[in-house]
Amino acid sequence: MKERWWSAPTEAENGNTVIVTGRDYMDEIIAKGKFIYRVTVSWDYNALPSGMPEDGDAELMEKATDALLEEFKKDKVAYMTGIYTGDGRRDWVFYTQNLNIFGRVLNRALAPLEQMPLLIEAESDPDWEEYHEMREISYIPENDEE
């Protein structure tokens, strides 16, 4: 599967900047109709005046992102589709077909890292409404010159 990510600044309801990183080329996965649950893994952090995380938290967030992408690449029970950072919060958004297996893979991915104050929420989103909304507000097309 072709993989491409884009990043764009957006604005939170209070006017603070939130960087949205979205995953492209999800149409084939959406069309399968199997990945009907959206899981949001959130970390409320102590924000700098800019709303962004302090260096130590940012470093751990990047390690977590890499670990999650690697583990879910091996076990395709879920796809990370978005990462939102800003206004004192990091959200990783996934679509999965099985919540129980998702939880096991998530725990396996994060086990080697130091503990993080994560909140995990899941809901049914068979039409990928959150994904389509995220694309609508932040999408940056692929540059043909790359």
# chains A, B, ... in the order shown; residues from 1 in each chain; ligands from 1

$ select_by_dssp --residues "chain A" --states "alpha helix (DSSP H)" --output "PyMOL selection string"
chain A and resi 27-32+55-74+99-110+129-138

$ write_last_selection --atoms "N, CA and C atoms" --output "short mmCIF file (atom, residue, chain, number, x, y, z; two decimals), in the first residue's frame"
data_model
loop_
_atom_site.label_atom_id
_atom_site.label_comp_id
_atom_site.auth_asym_id
_atom_site.auth_seq_id
_atom_site.Cartn_x
_atom_site.Cartn_y
_atom_site.Cartn_z
N ASP A 27 -8.30 5.34 0.53
CA ASP A 27 -9.55 4.98 -0.16
C ASP A 27 -9.77 3.47 -0.26
N GLU A 28 -8.71 2.72 -0.54
CA GLU A 28 -8.83 1.27 -0.67
C GLU A 28 -9.25 0.63 0.66
N ILE A 29 -8.67 1.11 1.75
CA ILE A 29 -9.00 0.60 3.08
C ILE A 29 -10.43 0.97 3.46
N ILE A 30 -10.80 2.22 3.18
CA ILE A 30 -12.18 2.67 3.47
C ILE A 30 -13.18 1.82 2.70
N ALA A 31 -12.88 1.55 1.43
CA ALA A 31 -13.79 0.80 0.57
C ALA A 31 -14.04 -0.63 1.05
N LYS A 32 -13.08 -1.20 1.77
CA LYS A 32 -13.26 -2.56 2.29
C LYS A 32 -14.41 -2.64 3.29
N ASP A 55 10.14 19.88 24.95
CA ASP A 55 11.04 19.01 24.19
C ASP A 55 10.98 17.55 24.63
N GLY A 56 10.99 17.30 25.95
CA GLY A 56 10.98 15.93 26.45
C GLY A 56 9.71 15.19 26.05
N ASP A 57 8.57 15.87 26.19
CA ASP A 57 7.30 15.26 25.79
C ASP A 57 7.26 15.05 24.28
N ALA A 58 7.72 16.04 23.53
CA ALA A 58 7.72 15.93 22.07
C ALA A 58 8.55 14.73 21.61
N GLU A 59 9.69 14.53 22.26
CA GLU A 59 10.56 13.41 21.91
C GLU A 59 9.87 12.07 22.19
N LEU A 60 9.23 11.97 23.35
CA LEU A 60 8.52 10.74 23.69
C LEU A 60 7.34 10.52 22.75
N MET A 61 6.65 11.58 22.37
CA MET A 61 5.53 11.46 21.43
C MET A 61 6.00 10.92 20.09
N GLU A 62 7.15 11.38 19.64
CA GLU A 62 7.67 10.89 18.36
C GLU A 62 8.09 9.42 18.45
N LYS A 63 8.67 9.03 19.58
CA LYS A 63 9.01 7.62 19.79
C LYS A 63 7.73 6.77 19.79
N ALA A 64 6.69 7.28 20.44
CA ALA A 64 5.42 6.56 20.49
C ALA A 64 4.83 6.44 19.08
N THR A 65 4.87 7.53 18.33
CA THR A 65 4.34 7.51 16.95
C THR A 65 5.08 6.46 16.13
N ASP A 66 6.40 6.47 16.19
CA ASP A 66 7.19 5.50 15.43
C ASP A 66 6.87 4.08 15.84
N ALA A 67 6.76 3.84 17.15
CA ALA A 67 6.46 2.49 17.66
C ALA A 67 5.08 2.03 17.20
N LEU A 68 4.11 2.93 17.26
CA LEU A 68 2.75 2.58 16.84
C LEU A 68 2.69 2.28 15.34
N LEU A 69 3.31 3.12 14.54
CA LEU A 69 3.32 2.88 13.10
C LEU A 69 3.98 1.55 12.76
N GLU A 70 5.08 1.27 13.41
CA GLU A 70 5.82 0.02 13.14
C GLU A 70 4.99 -1.20 13.54
N GLU A 71 4.40 -1.17 14.72
CA GLU A 71 3.65 -2.33 15.21
C GLU A 71 2.39 -2.56 14.38
N PHE A 72 1.69 -1.48 14.02
CA PHE A 72 0.46 -1.65 13.23
C PHE A 72 0.76 -1.94 11.76
N LYS A 73 1.97 -1.69 11.32
CA LYS A 73 2.37 -2.09 9.96
C LYS A 73 2.51 -3.61 9.92
N LYS A 74 3.02 -4.20 11.02
CA LYS A 74 3.19 -5.65 11.11
C LYS A 74 1.84 -6.34 11.28
N LEU A 99 -11.59 -3.97 18.30
CA LEU A 99 -11.12 -3.17 19.43
C LEU A 99 -10.24 -3.96 20.39
N ASN A 100 -10.56 -5.22 20.63
CA ASN A 100 -9.75 -6.03 21.56
C ASN A 100 -8.34 -6.24 21.02
N ILE A 101 -8.24 -6.62 19.77
CA ILE A 101 -6.90 -6.84 19.19
C ILE A 101 -6.17 -5.50 19.10
N PHE A 102 -6.87 -4.43 18.75
CA PHE A 102 -6.25 -3.11 18.72
C PHE A 102 -5.57 -2.81 20.05
N GLY A 103 -6.28 -3.05 21.15
CA GLY A 103 -5.73 -2.78 22.48
C GLY A 103 -4.47 -3.58 22.76
N ARG A 104 -4.46 -4.83 22.35
CA ARG A 104 -3.27 -5.66 22.56
C ARG A 104 -2.07 -5.15 21.76
N VAL A 105 -2.31 -4.78 20.50
CA VAL A 105 -1.22 -4.29 19.66
C VAL A 105 -0.73 -2.94 20.17
N LEU A 106 -1.65 -2.08 20.59
CA LEU A 106 -1.27 -0.79 21.17
C LEU A 106 -0.37 -0.98 22.39
N ASN A 107 -0.77 -1.85 23.29
CA ASN A 107 0.04 -2.10 24.48
C ASN A 107 1.40 -2.68 24.14
N ARG A 108 1.45 -3.59 23.18
CA ARG A 108 2.72 -4.18 22.75
C ARG A 108 3.64 -3.10 22.15
N ALA A 109 3.06 -2.20 21.37
CA ALA A 109 3.88 -1.14 20.74
C ALA A 109 4.47 -0.20 21.77
N LEU A 110 3.69 0.15 22.77
CA LEU A 110 4.12 1.16 23.74
C LEU A 110 4.86 0.59 24.95
N GLU A 129 -16.19 9.48 8.97
CA GLU A 129 -16.55 10.90 8.98
C GLU A 129 -15.41 11.77 9.51
N GLU A 130 -14.76 11.33 10.59
CA GLU A 130 -13.66 12.14 11.16
C GLU A 130 -12.53 12.26 10.15
N TYR A 131 -12.20 11.18 9.49
CA TYR A 131 -11.12 11.21 8.50
C TYR A 131 -11.43 12.18 7.36
N HIS A 132 -12.65 12.09 6.84
CA HIS A 132 -13.03 12.96 5.72
C HIS A 132 -13.03 14.43 6.15
N GLU A 133 -13.48 14.71 7.36
CA GLU A 133 -13.47 16.09 7.87
C GLU A 133 -12.03 16.60 8.02
N MET A 134 -11.15 15.76 8.55
CA MET A 134 -9.75 16.13 8.71
C MET A 134 -9.13 16.45 7.36
N ARG A 135 -9.39 15.63 6.36
CA ARG A 135 -8.87 15.87 5.01
C ARG A 135 -9.39 17.20 4.45
N GLU A 136 -10.66 17.44 4.68
CA GLU A 136 -11.28 18.65 4.15
C GLU A 136 -10.62 19.92 4.68
N ILE A 137 -10.26 19.92 5.97
CA ILE A 137 -9.71 21.15 6.56
C ILE A 137 -8.19 21.27 6.45
N SER A 138 -7.49 20.16 6.12
CA SER A 138 -6.03 20.23 6.19
C SER A 138 -5.27 19.68 4.99
#

$ residues_around --residues "Ala12 in chain A" --least-positions-apart "3" --cutoff "12 Å" --atoms "only C-alpha atoms" --output "list in words"
Pro9, Gly15, Asn16, Thr17, Val18, Ile19, Val20, Gly51, Tyr84, Thr85, Gly86, Asp87, Gly88, Arg89 and Ile137 of chain A

$ residues_around --residues "Asn98 in chain A" --least-positions-apart "6" --cutoff "9 Å" --atoms "only C-alpha atoms" --output "count of residues only"
5

$ closest_residue --among "A:Met80, A:Ala8, A:Met1, A:Leu118" --to "Thr96 in chain A" --atoms "only C-alpha atoms"
A:Met80

$ residues_around --residues "Pro141 in chain A" --least-positions-apart "2" --cutoff "12 Å" --atoms "only C-alpha atoms" --output "count of residues only"
17

$ select_by_dssp --residues "chain A" --states "strand (DSSP E or B)" --output "VMD selection string"
chain A and resid 5 to 11 17 to 23 37 to 44 47 53 78 to 86 89 to 96 118 to 124

$ closest_residue --among "A:Ile83, A:Ile140, A:Val41, A:Met26" --to "Met116 in chain A" --atoms "only C-alpha atoms"
A:Val41
